[in-house]
>>> print(open('model_17.pdb').read())   # PDB, N, CA and C atoms
ATOM      1  N   MET K 439      -0.403  13.470 -22.896
ATOM      2  CA  MET K 439      -1.437  12.889 -22.063
ATOM      3  C   MET K 439      -1.589  11.410 -22.379
ATOM      4  N   ALA K 440      -2.064  10.703 -21.427
ATOM      5  CA  ALA K 440      -2.295   9.271 -21.575
ATOM      6  C   ALA K 440      -3.738   9.035 -22.011
ATOM      7  N   ARG K 441      -3.945   7.918 -22.631
ATOM      8  CA  ARG K 441      -5.299   7.495 -22.987
ATOM      9  C   ARG K 441      -5.776   6.543 -21.901
ATOM     10  N   LEU K 442      -7.042   6.662 -21.521
ATOM     11  CA  LEU K 442      -7.604   5.842 -20.449
ATOM     12  C   LEU K 442      -7.394   4.356 -20.725
ATOM     13  N   GLN K 443      -7.663   3.916 -21.937
ATOM     14  CA  GLN K 443      -7.489   2.491 -22.243
ATOM     15  C   GLN K 443      -6.034   2.070 -22.136
ATOM     16  N   ASP K 444      -5.099   2.970 -22.441
ATOM     17  CA  ASP K 444      -3.676   2.636 -22.321
ATOM     18  C   ASP K 444      -3.247   2.502 -20.868
ATOM     19  N   VAL K 445      -3.784   3.358 -20.008
ATOM     20  CA  VAL K 445      -3.458   3.284 -18.575
ATOM     21  C   VAL K 445      -3.950   1.961 -17.991
ATOM     22  N   ILE K 446      -5.190   1.614 -18.285
ATOM     23  CA  ILE K 446      -5.765   0.375 -17.761
ATOM     24  C   ILE K 446      -5.041  -0.840 -18.340
ATOM     25  N   ALA K 447      -4.782  -0.813 -19.639
ATOM     26  CA  ALA K 447      -4.070  -1.932 -20.282
ATOM     27  C   ALA K 447      -2.671  -2.095 -19.698
ATOM     28  N   SER K 448      -2.001  -0.997 -19.413
ATOM     29  CA  SER K 448      -0.657  -1.052 -18.846
ATOM     30  C   SER K 448      -0.662  -1.709 -17.472
ATOM     31  N   VAL K 449      -1.631  -1.366 -16.649
ATOM     32  CA  VAL K 449      -1.732  -1.968 -15.315
ATOM     33  C   VAL K 449      -1.978  -3.466 -15.433
ATOM     34  N   LEU K 450      -2.912  -3.857 -16.297
ATOM     35  CA  LEU K 450      -3.203  -5.283 -16.464
ATOM     36  C   LEU K 450      -1.994  -6.037 -17.015
ATOM     37  N   ARG K 451      -1.290  -5.416 -17.960
ATOM     38  CA  ARG K 451      -0.086  -6.031 -18.528
ATOM     39  C   ARG K 451       0.976  -6.225 -17.439
ATOM     40  N   ASP K 452       1.141  -5.234 -16.560
ATOM     41  CA  ASP K 452       2.122  -5.340 -15.483
ATOM     42  C   ASP K 452       1.757  -6.435 -14.481
ATOM     43  N   VAL K 453       0.482  -6.584 -14.181
ATOM     44  CA  VAL K 453       0.040  -7.640 -13.266
ATOM     45  C   VAL K 453       0.334  -9.008 -13.873
ATOM     46  N   LEU K 454       0.002  -9.184 -15.144
ATOM     47  CA  LEU K 454       0.271 -10.462 -15.812
ATOM     48  C   LEU K 454       1.765 -10.737 -15.904
ATOM     49  N   SER K 455       2.544  -9.707 -16.162
ATOM     50  CA  SER K 455       3.996  -9.861 -16.234
ATOM     51  C   SER K 455       4.565 -10.262 -14.872
ATOM     52  N   ALA K 456       4.058  -9.672 -13.809
ATOM     53  CA  ALA K 456       4.519 -10.019 -12.459
ATOM     54  C   ALA K 456       4.212 -11.482 -12.154
ATOM     55  N   GLN K 457       3.022 -11.955 -12.530
ATOM     56  CA  GLN K 457       2.678 -13.359 -12.310
ATOM     57  C   GLN K 457       3.605 -14.259 -13.115
ATOM     58  N   HIS K 458       3.881 -13.887 -14.349
ATOM     59  CA  HIS K 458       4.772 -14.672 -15.207
ATOM     60  C   HIS K 458       6.186 -14.744 -14.610
ATOM     61  N   GLN K 459       6.707 -13.615 -14.155
ATOM     62  CA  GLN K 459       8.043 -13.590 -13.555
ATOM     63  C   GLN K 459       8.097 -14.459 -12.301
ATOM     64  N   ALA K 460       7.048 -14.424 -11.501
ATOM     65  CA  ALA K 460       6.996 -15.273 -10.308
ATOM     66  C   ALA K 460       6.982 -16.750 -10.700
ATOM     67  N   ASN K 461       6.248 -17.089 -11.763
ATOM     68  CA  ASN K 461       6.213 -18.478 -12.236
ATOM     69  C   ASN K 461       7.586 -18.926 -12.721
ATOM     70  N   LEU K 462       8.285 -18.061 -13.447
ATOM     71  CA  LEU K 462       9.621 -18.402 -13.942
ATOM     72  C   LEU K 462      10.604 -18.609 -12.790
ATOM     73  N   LEU K 463      10.509 -17.778 -11.765
ATOM     74  CA  LEU K 463      11.383 -17.930 -10.602
ATOM     75  C   LEU K 463      11.110 -19.248  -9.881
ATOM     76  N   THR K 464       9.848 -19.598  -9.723
ATOM     77  CA  THR K 464       9.500 -20.864  -9.086
ATOM     78  C   THR K 464      10.050 -22.038  -9.892
ATOM     79  N   GLU K 465       9.937 -21.962 -11.205
ATOM     80  CA  GLU K 465      10.470 -23.020 -12.069
ATOM     81  C   GLU K 465      11.990 -23.134 -11.919
ATOM     82  N   SER K 466      12.670 -21.995 -11.870
ATOM     83  CA  SER K 466      14.124 -21.982 -11.710
ATOM     84  C   SER K 466      14.536 -22.586 -10.362
ATOM     85  N   LEU K 467      13.819 -22.246  -9.309
ATOM     86  CA  LEU K 467      14.115 -22.798  -7.984
ATOM     87  C   LEU K 467      13.891 -24.311  -7.963
ATOM     88  N   ALA K 468      12.856 -24.765  -8.638
ATOM     89  CA  ALA K 468      12.597 -26.206  -8.697
ATOM     90  C   ALA K 468      13.775 -26.921  -9.343
ATOM     91  N   ASP K 469      14.299 -26.346 -10.422
ATOM     92  CA  ASP K 469      15.469 -26.941 -11.089
ATOM     93  C   ASP K 469      16.677 -26.966 -10.152
ATOM     94  N   GLN K 470      16.905 -25.860  -9.439
ATOM     95  CA  GLN K 470      18.043 -25.796  -8.517
ATOM     96  C   GLN K 470      17.893 -26.806  -7.383
ATOM     97  N   TYR K 471      16.691 -26.928  -6.829
ATOM     98  CA  TYR K 471      16.442 -27.872  -5.745
ATOM     99  C   TYR K 471      16.643 -29.309  -6.236
ATOM    100  N   ARG K 472      16.170 -29.575  -7.451
ATOM    101  CA  ARG K 472      16.309 -30.916  -8.018
ATOM    102  C   ARG K 472      17.791 -31.267  -8.209
ATOM    103  N   GLU K 473      18.549 -30.317  -8.764
ATOM    104  CA  GLU K 473      19.983 -30.535  -9.002
ATOM    105  C   GLU K 473      20.755 -30.723  -7.692
ATOM    106  N   ALA K 474      20.346 -30.032  -6.667
ATOM    107  CA  ALA K 474      21.030 -30.133  -5.370
ATOM    108  C   ALA K 474      20.580 -31.365  -4.585
ATOM    109  N   GLY K 475      19.565 -32.060  -5.103
ATOM    110  CA  GLY K 475      19.075 -33.254  -4.424
ATOM    111  C   GLY K 475      18.260 -32.966  -3.180
ATOM    112  N   VAL K 476      17.723 -31.767  -3.070
ATOM    113  CA  VAL K 476      16.951 -31.413  -1.875
ATOM    114  C   VAL K 476      15.479 -31.131  -2.207
ATOM    115  N   MET K 477      15.059 -31.520  -3.393
ATOM    116  CA  MET K 477      13.696 -31.226  -3.831
ATOM    117  C   MET K 477      12.659 -31.780  -2.852
ATOM    118  N   HIS K 478      12.884 -32.984  -2.357
ATOM    119  CA  HIS K 478      11.922 -33.621  -1.446
ATOM    120  C   HIS K 478      11.940 -32.999  -0.045
ATOM    121  N   GLN K 479      12.985 -32.231   0.283
ATOM    122  CA  GLN K 479      13.106 -31.640   1.617
ATOM    123  C   GLN K 479      12.538 -30.221   1.701
ATOM    124  N   LEU K 480      12.428 -29.565   0.576
ATOM    125  CA  LEU K 480      12.032 -28.161   0.586
ATOM    126  C   LEU K 480      10.707 -27.945  -0.146
ATOM    127  N   ASN K 481       9.928 -27.036   0.370
ATOM    128  CA  ASN K 481       8.707 -26.626  -0.317
ATOM    129  C   ASN K 481       9.054 -25.506  -1.288
ATOM    130  N   LEU K 482       8.506 -25.598  -2.471
ATOM    131  CA  LEU K 482       8.724 -24.526  -3.445
ATOM    132  C   LEU K 482       7.873 -23.320  -3.071
ATOM    133  N   PRO K 483       8.502 -22.163  -3.010
ATOM    134  CA  PRO K 483       7.684 -20.965  -2.796
ATOM    135  C   PRO K 483       6.872 -20.692  -4.056
ATOM    136  N   ALA K 484       5.656 -20.297  -3.893
ATOM    137  CA  ALA K 484       4.816 -19.998  -5.044
ATOM    138  C   ALA K 484       4.031 -18.719  -4.759
ATOM    139  N   VAL K 485       3.934 -17.904  -5.760
ATOM    140  CA  VAL K 485       3.177 -16.664  -5.650
ATOM    141  C   VAL K 485       2.038 -16.729  -6.650
ATOM    142  N   THR K 486       0.848 -16.490  -6.175
ATOM    143  CA  THR K 486      -0.304 -16.435  -7.061
ATOM    144  C   THR K 486      -1.001 -15.104  -6.838
ATOM    145  N   ILE K 487      -1.135 -14.382  -7.903
ATOM    146  CA  ILE K 487      -1.860 -13.116  -7.806
ATOM    147  C   ILE K 487      -3.341 -13.440  -7.916
ATOM    148  N   GLY K 488      -4.050 -13.150  -6.871
ATOM    149  CA  GLY K 488      -5.482 -13.450  -6.839
ATOM    150  C   GLY K 488      -6.293 -12.250  -7.272
ATOM    151  N   ASP K 489      -7.374 -12.027  -6.595
ATOM    152  CA  ASP K 489      -8.259 -10.916  -6.922
ATOM    153  C   ASP K 489      -7.583  -9.592  -6.575
ATOM    154  N   LEU K 490      -7.726  -8.627  -7.465
ATOM    155  CA  LEU K 490      -7.174  -7.293  -7.257
ATOM    156  C   LEU K 490      -8.279  -6.258  -7.372
ATOM    157  N   GLU K 491      -8.126  -5.191  -6.636
ATOM    158  CA  GLU K 491      -9.029  -4.056  -6.768
ATOM    159  C   GLU K 491      -8.166  -2.809  -6.783
ATOM    160  N   LEU K 492      -8.159  -2.108  -7.901
ATOM    161  CA  LEU K 492      -7.342  -0.913  -8.071
ATOM    162  C   LEU K 492      -8.253   0.278  -8.333
ATOM    163  N   SER K 493      -8.001   1.363  -7.636
ATOM    164  CA  SER K 493      -8.780   2.581  -7.854
ATOM    165  C   SER K 493      -7.925   3.610  -8.574
ATOM    166  N   PHE K 494      -8.514   4.231  -9.575
ATOM    167  CA  PHE K 494      -7.834   5.248 -10.365
ATOM    168  C   PHE K 494      -8.541   6.580 -10.196
ATOM    169  N   ARG K 495      -7.734   7.604  -9.972
ATOM    170  CA  ARG K 495      -8.242   8.983  -9.984
ATOM    171  C   ARG K 495      -7.709   9.612 -11.265
ATOM    172  N   PHE K 496      -8.597  10.254 -12.000
ATOM    173  CA  PHE K 496      -8.177  10.860 -13.252
ATOM    174  C   PHE K 496      -9.099  12.011 -13.596
ATOM    175  N   ALA K 497      -8.631  12.834 -14.502
ATOM    176  CA  ALA K 497      -9.451  13.914 -15.053
ATOM    177  C   ALA K 497      -9.377  13.790 -16.567
ATOM    178  N   ILE K 498     -10.446  14.167 -17.213
ATOM    179  CA  ILE K 498     -10.472  14.123 -18.672
ATOM    180  C   ILE K 498      -9.852  15.406 -19.188
ATOM    181  N   GLU K 499      -8.954  15.250 -20.135
ATOM    182  CA  GLU K 499      -8.175  16.383 -20.644
ATOM    183  C   GLU K 499      -9.056  17.507 -21.168
ATOM    184  N   ASP K 500     -10.001  17.212 -22.035
ATOM    185  CA  ASP K 500     -10.842  18.250 -22.623
ATOM    186  C   ASP K 500     -12.279  18.029 -22.179
ATOM    187  N   THR K 501     -12.690  18.708 -21.116
ATOM    188  CA  THR K 501     -14.018  18.465 -20.550
ATOM    189  C   THR K 501     -15.136  18.912 -21.487
ATOM    190  N   CYS K 502     -14.866  19.762 -22.454
ATOM    191  CA  CYS K 502     -15.896  20.163 -23.410
ATOM    192  C   CYS K 502     -16.388  18.961 -24.206
ATOM    193  N   GLU K 503     -15.525  18.001 -24.431
ATOM    194  CA  GLU K 503     -15.897  16.819 -25.187
ATOM    195  C   GLU K 503     -16.909  15.951 -24.442
ATOM    196  N   LEU K 504     -17.038  16.135 -23.150
ATOM    197  CA  LEU K 504     -17.959  15.317 -22.373
ATOM    198  C   LEU K 504     -19.401  15.496 -22.800
ATOM    199  N   PHE K 505     -19.734  16.658 -23.335
ATOM    200  CA  PHE K 505     -21.113  16.961 -23.659
ATOM    201  C   PHE K 505     -21.520  16.480 -25.045
ATOM    202  N   GLU K 506     -20.570  15.968 -25.802
ATOM    203  CA  GLU K 506     -20.878  15.431 -27.115
ATOM    204  C   GLU K 506     -21.208  13.950 -26.983
ATOM    205  N   GLU K 507     -21.981  13.426 -27.953
ATOM    206  CA  GLU K 507     -22.257  11.992 -27.973
ATOM    207  C   GLU K 507     -20.962  11.248 -28.282
ATOM    208  N   LYS K 508     -20.670  10.236 -27.510
ATOM    209  CA  LYS K 508     -19.438   9.470 -27.679
ATOM    210  C   LYS K 508     -19.768   7.991 -27.829
ATOM    211  N   SER K 509     -19.053   7.334 -28.731
ATOM    212  CA  SER K 509     -19.175   5.883 -28.841
ATOM    213  C   SER K 509     -18.301   5.260 -27.757
ATOM    214  N   GLU K 510     -18.483   3.958 -27.532
ATOM    215  CA  GLU K 510     -17.678   3.270 -26.520
ATOM    216  C   GLU K 510     -16.191   3.348 -26.850
ATOM    217  N   ASP K 511     -15.839   3.184 -28.123
ATOM    218  CA  ASP K 511     -14.427   3.261 -28.522
ATOM    219  C   ASP K 511     -13.849   4.647 -28.286
ATOM    220  N   GLU K 512     -14.652   5.684 -28.537
ATOM    221  CA  GLU K 512     -14.173   7.049 -28.309
ATOM    222  C   GLU K 512     -13.972   7.317 -26.819
ATOM    223  N   ILE K 513     -14.842   6.766 -25.991
ATOM    224  CA  ILE K 513     -14.708   6.952 -24.543
ATOM    225  C   ILE K 513     -13.435   6.284 -24.049
ATOM    226  N   LYS K 514     -13.147   5.067 -24.520
ATOM    227  CA  LYS K 514     -11.930   4.363 -24.118
ATOM    228  C   LYS K 514     -10.685   5.138 -24.515
ATOM    229  N   ALA K 515     -10.769   5.918 -25.591
ATOM    230  CA  ALA K 515      -9.602   6.612 -26.120
ATOM    231  C   ALA K 515      -9.478   8.047 -25.615
ATOM    232  N   LEU K 516     -10.270   8.432 -24.626
ATOM    233  CA  LEU K 516     -10.182   9.794 -24.102
ATOM    234  C   LEU K 516      -8.807  10.062 -23.502
ATOM    235  N   ASP K 517      -8.305  11.262 -23.726
ATOM    236  CA  ASP K 517      -7.060  11.672 -23.075
ATOM    237  C   ASP K 517      -7.374  11.980 -21.617
ATOM    238  N   VAL K 518      -6.563  11.422 -20.723
ATOM    239  CA  VAL K 518      -6.804  11.608 -19.296
ATOM    240  C   VAL K 518      -5.541  12.103 -18.599
ATOM    241  N   ILE K 519      -5.760  12.774 -17.500
ATOM    242  CA  ILE K 519      -4.666  13.224 -16.625
ATOM    243  C   ILE K 519      -4.653  12.261 -15.448
ATOM    244  N   VAL K 520      -3.509  11.632 -15.217
ATOM    245  CA  VAL K 520      -3.384  10.701 -14.089
ATOM    246  C   VAL K 520      -2.282  11.120 -13.117
ATOM    247  N   ASP K 521      -1.524  12.124 -13.484
ATOM    248  CA  ASP K 521      -0.426  12.597 -12.649
ATOM    249  C   ASP K 521      -0.980  13.238 -11.374
ATOM    250  N   ALA K 522      -0.507  12.776 -10.213
ATOM    251  CA  ALA K 522      -1.023  13.243  -8.922
ATOM    252  C   ALA K 522      -0.846  14.749  -8.742
ATOM    253  N   GLU K 523       0.283  15.271  -9.182
ATOM    254  CA  GLU K 523       0.531  16.710  -9.031
ATOM    255  C   GLU K 523      -0.454  17.526  -9.870
ATOM    256  N   GLN K 524      -0.669  17.097 -11.095
ATOM    257  CA  GLN K 524      -1.625  17.808 -11.949
ATOM    258  C   GLN K 524      -3.043  17.687 -11.400
ATOM    259  N   LEU K 525      -3.392  16.513 -10.892
ATOM    260  CA  LEU K 525      -4.730  16.323 -10.333
ATOM    261  C   LEU K 525      -4.955  17.217  -9.120
ATOM    262  N   SER K 526      -3.912  17.419  -8.318
ATOM    263  CA  SER K 526      -4.066  18.242  -7.112
ATOM    264  C   SER K 526      -4.363  19.701  -7.438
ATOM    265  N   GLU K 527      -4.049  20.120  -8.648
ATOM    266  CA  GLU K 527      -4.298  21.502  -9.066
ATOM    267  C   GLU K 527      -5.701  21.706  -9.632
ATOM    268  N   LEU K 528      -6.434  20.621  -9.827
ATOM    269  CA  LEU K 528      -7.765  20.704 -10.419
ATOM    270  C   LEU K 528      -8.838  20.720  -9.338
ATOM    271  N   PRO K 529      -9.992  21.316  -9.635
ATOM    272  CA  PRO K 529     -11.096  21.247  -8.668
ATOM    273  C   PRO K 529     -11.584  19.806  -8.535
ATOM    274  N   GLU K 530     -12.022  19.452  -7.354
ATOM    275  CA  GLU K 530     -12.471  18.077  -7.097
ATOM    276  C   GLU K 530     -13.589  17.656  -8.059
ATOM    277  N   SER K 531     -14.395  18.589  -8.498
ATOM    278  CA  SER K 531     -15.493  18.261  -9.417
ATOM    279  C   SER K 531     -14.996  17.785 -10.783
ATOM    280  N   ALA K 532     -13.756  18.068 -11.127
ATOM    281  CA  ALA K 532     -13.199  17.644 -12.415
ATOM    282  C   ALA K 532     -12.544  16.276 -12.343
ATOM    283  N   ILE K 533     -12.443  15.726 -11.141
ATOM    284  CA  ILE K 533     -11.735  14.460 -10.953
ATOM    285  C   ILE K 533     -12.733  13.306 -10.879
ATOM    286  N   HIS K 534     -12.410  12.246 -11.592
ATOM    287  CA  HIS K 534     -13.253  11.056 -11.631
ATOM    288  C   HIS K 534     -12.521   9.915 -10.943
ATOM    289  N   ASN K 535     -13.285   8.982 -10.438
ATOM    290  CA  ASN K 535     -12.728   7.780  -9.812
ATOM    291  C   ASN K 535     -13.343   6.562 -10.478
ATOM    292  N   ILE K 536     -12.514   5.617 -10.841
ATOM    293  CA  ILE K 536     -13.020   4.327 -11.296
ATOM    294  C   ILE K 536     -12.271   3.243 -10.540
ATOM    295  N   THR K 537     -12.938   2.132 -10.367
ATOM    296  CA  THR K 537     -12.329   0.987  -9.699
ATOM    297  C   THR K 537     -12.247  -0.146 -10.703
ATOM    298  N   LEU K 538     -11.073  -0.722 -10.786
ATOM    299  CA  LEU K 538     -10.820  -1.847 -11.668
ATOM    300  C   LEU K 538     -10.708  -3.073 -10.782
ATOM    301  N   LYS K 539     -11.635  -4.015 -10.956
ATOM    302  CA  LYS K 539     -11.613  -5.246 -10.176
ATOM    303  C   LYS K 539     -11.217  -6.381 -11.110
ATOM    304  N   VAL K 540     -10.136  -7.045 -10.770
ATOM    305  CA  VAL K 540      -9.645  -8.171 -11.555
ATOM    306  C   VAL K 540      -9.815  -9.424 -10.709
ATOM    307  N   SER K 541     -10.543 -10.376 -11.227
ATOM    308  CA  SER K 541     -10.821 -11.597 -10.494
ATOM    309  C   SER K 541     -10.382 -12.800 -11.313
ATOM    310  N   THR K 542      -9.791 -13.762 -10.656
ATOM    311  CA  THR K 542      -9.402 -14.989 -11.343
ATOM    312  C   THR K 542     -10.639 -15.784 -11.755
ATOM    313  N   ARG K 543     -11.765 -15.477 -11.160
ATOM    314  CA  ARG K 543     -13.007 -16.186 -11.486
ATOM    315  C   ARG K 543     -13.892 -15.415 -12.449
ATOM    316  N   ASN K 544     -13.942 -14.106 -12.319
ATOM    317  CA  ASN K 544     -14.911 -13.319 -13.080
ATOM    318  C   ASN K 544     -14.310 -12.360 -14.079
ATOM    319  N   GLY K 545     -13.035 -12.409 -14.321
ATOM    320  CA  GLY K 545     -12.410 -11.514 -15.290
ATOM    321  C   GLY K 545     -12.237 -10.114 -14.736
ATOM    322  N   VAL K 546     -12.465  -9.107 -15.586
ATOM    323  CA  VAL K 546     -12.254  -7.716 -15.224
ATOM    324  C   VAL K 546     -13.580  -6.987 -15.198
ATOM    325  N   LYS K 547     -13.773  -6.160 -14.169
ATOM    326  CA  LYS K 547     -14.972  -5.344 -14.071
ATOM    327  C   LYS K 547     -14.521  -3.925 -13.717
ATOM    328  N   ILE K 548     -15.028  -2.945 -14.440
ATOM    329  CA  ILE K 548     -14.683  -1.554 -14.178
ATOM    330  C   ILE K 548     -15.956  -0.851 -13.725
ATOM    331  N   SER K 549     -15.875  -0.153 -12.600
ATOM    332  CA  SER K 549     -17.030   0.595 -12.124
ATOM    333  C   SER K 549     -16.594   1.991 -11.716
ATOM    334  N   GLU K 550     -17.469   2.941 -11.960
ATOM    335  CA  GLU K 550     -17.190   4.320 -11.584
ATOM    336  C   GLU K 550     -17.715   4.559 -10.183
ATOM    337  N   THR K 551     -16.886   5.234  -9.362
ATOM    338  CA  THR K 551     -17.320   5.546  -7.991
ATOM    339  C   THR K 551     -17.444   7.037  -7.805
TER     340      THR K 551
END
>>> encode(input="model_17.pdb", output="C-alpha cells")
Amino acid sequence: MARLQDVIASVLRDVLSAQHQANLLTESLADQYREAGVMHQLNLPAVTIGDLELSFRFAIEDTCELFEEKSEDEIKALDVIVDAEQLSELPESAIHNITLKVSTRNGVKISET
C-alpha cells in the first residue's frame, strides 16, 4: 500500500520535474537557434506550469484506525488505496476525496471534498 504523503509528494515531484524538463528544453533550443543564427527570427517556445487542481480518490487501508486519536504526522503516514480497480470494489462510503490545489502564488492547499 502507498502512504498518503508519498502519493501527494510524488505528484508534486513529477510536476516540478516536468517544469524543469521544459526549462531545459527551452534552454537547449535557445542554444540551437543562436548557433544557427536565427535567434532573432524565432520565438522560443516556453512552457509554464501555472495553477493546478488535482483530485484524489482514496480509501484508508485500515478503517479501524480512524477512530483512534491521530497526530498530524500519523495522518500523513496512513496507508491508502489509490488503485482504481481496488477502489471500485469498495463501498462508496469508504472512499474519500481530497483536492490538491497548487498555485504559483499561494503554494499548496489540500482540502477534503
>>> closest_residue(input="model_17.pdb", among="K:Leu516, K:Leu528, K:Ile536, K:Val485", to="Leu463 (chain K)", atoms="only C-alpha atoms")
K:Val485
>>> atom_distance(input="model_17.pdb", atom1="atom C of Ser526 (chain K)", atom2="atom N of Ser493 (chain K)")
18.7 Å
>>> closest_residue(input="model_17.pdb", among="K:Arg472, K:His534, K:Arg543, K:Arg441", to="Ala497 (chain K)", atoms="only C-alpha atoms")
K:His534
>>> residues_near_point(input="model_17.pdb", point="(-2.9, -14.7, -10.1)", cutoff="8 Å", atoms="all atoms listed in the file", output="number ranges by chain")
K: 453-454, 457, 485-489, 541-542
>>> resolve_selection(input="model_17.pdb", expression="the PyMOL selection byres ((chain K and resi 517) around 5)", output="count of residues only")
8
>>> atom_distance(input="model_17.pdb", atom1="CA of Leu492 (chain K)", atom2="atom C of Leu525 (chain K)")
18.3 Å
>>> atom_distance(input="model_17.pdb", atom1="atom N of Ile533 (chain K)", atom2="atom N of Phe496 (chain K)")
6.7 Å
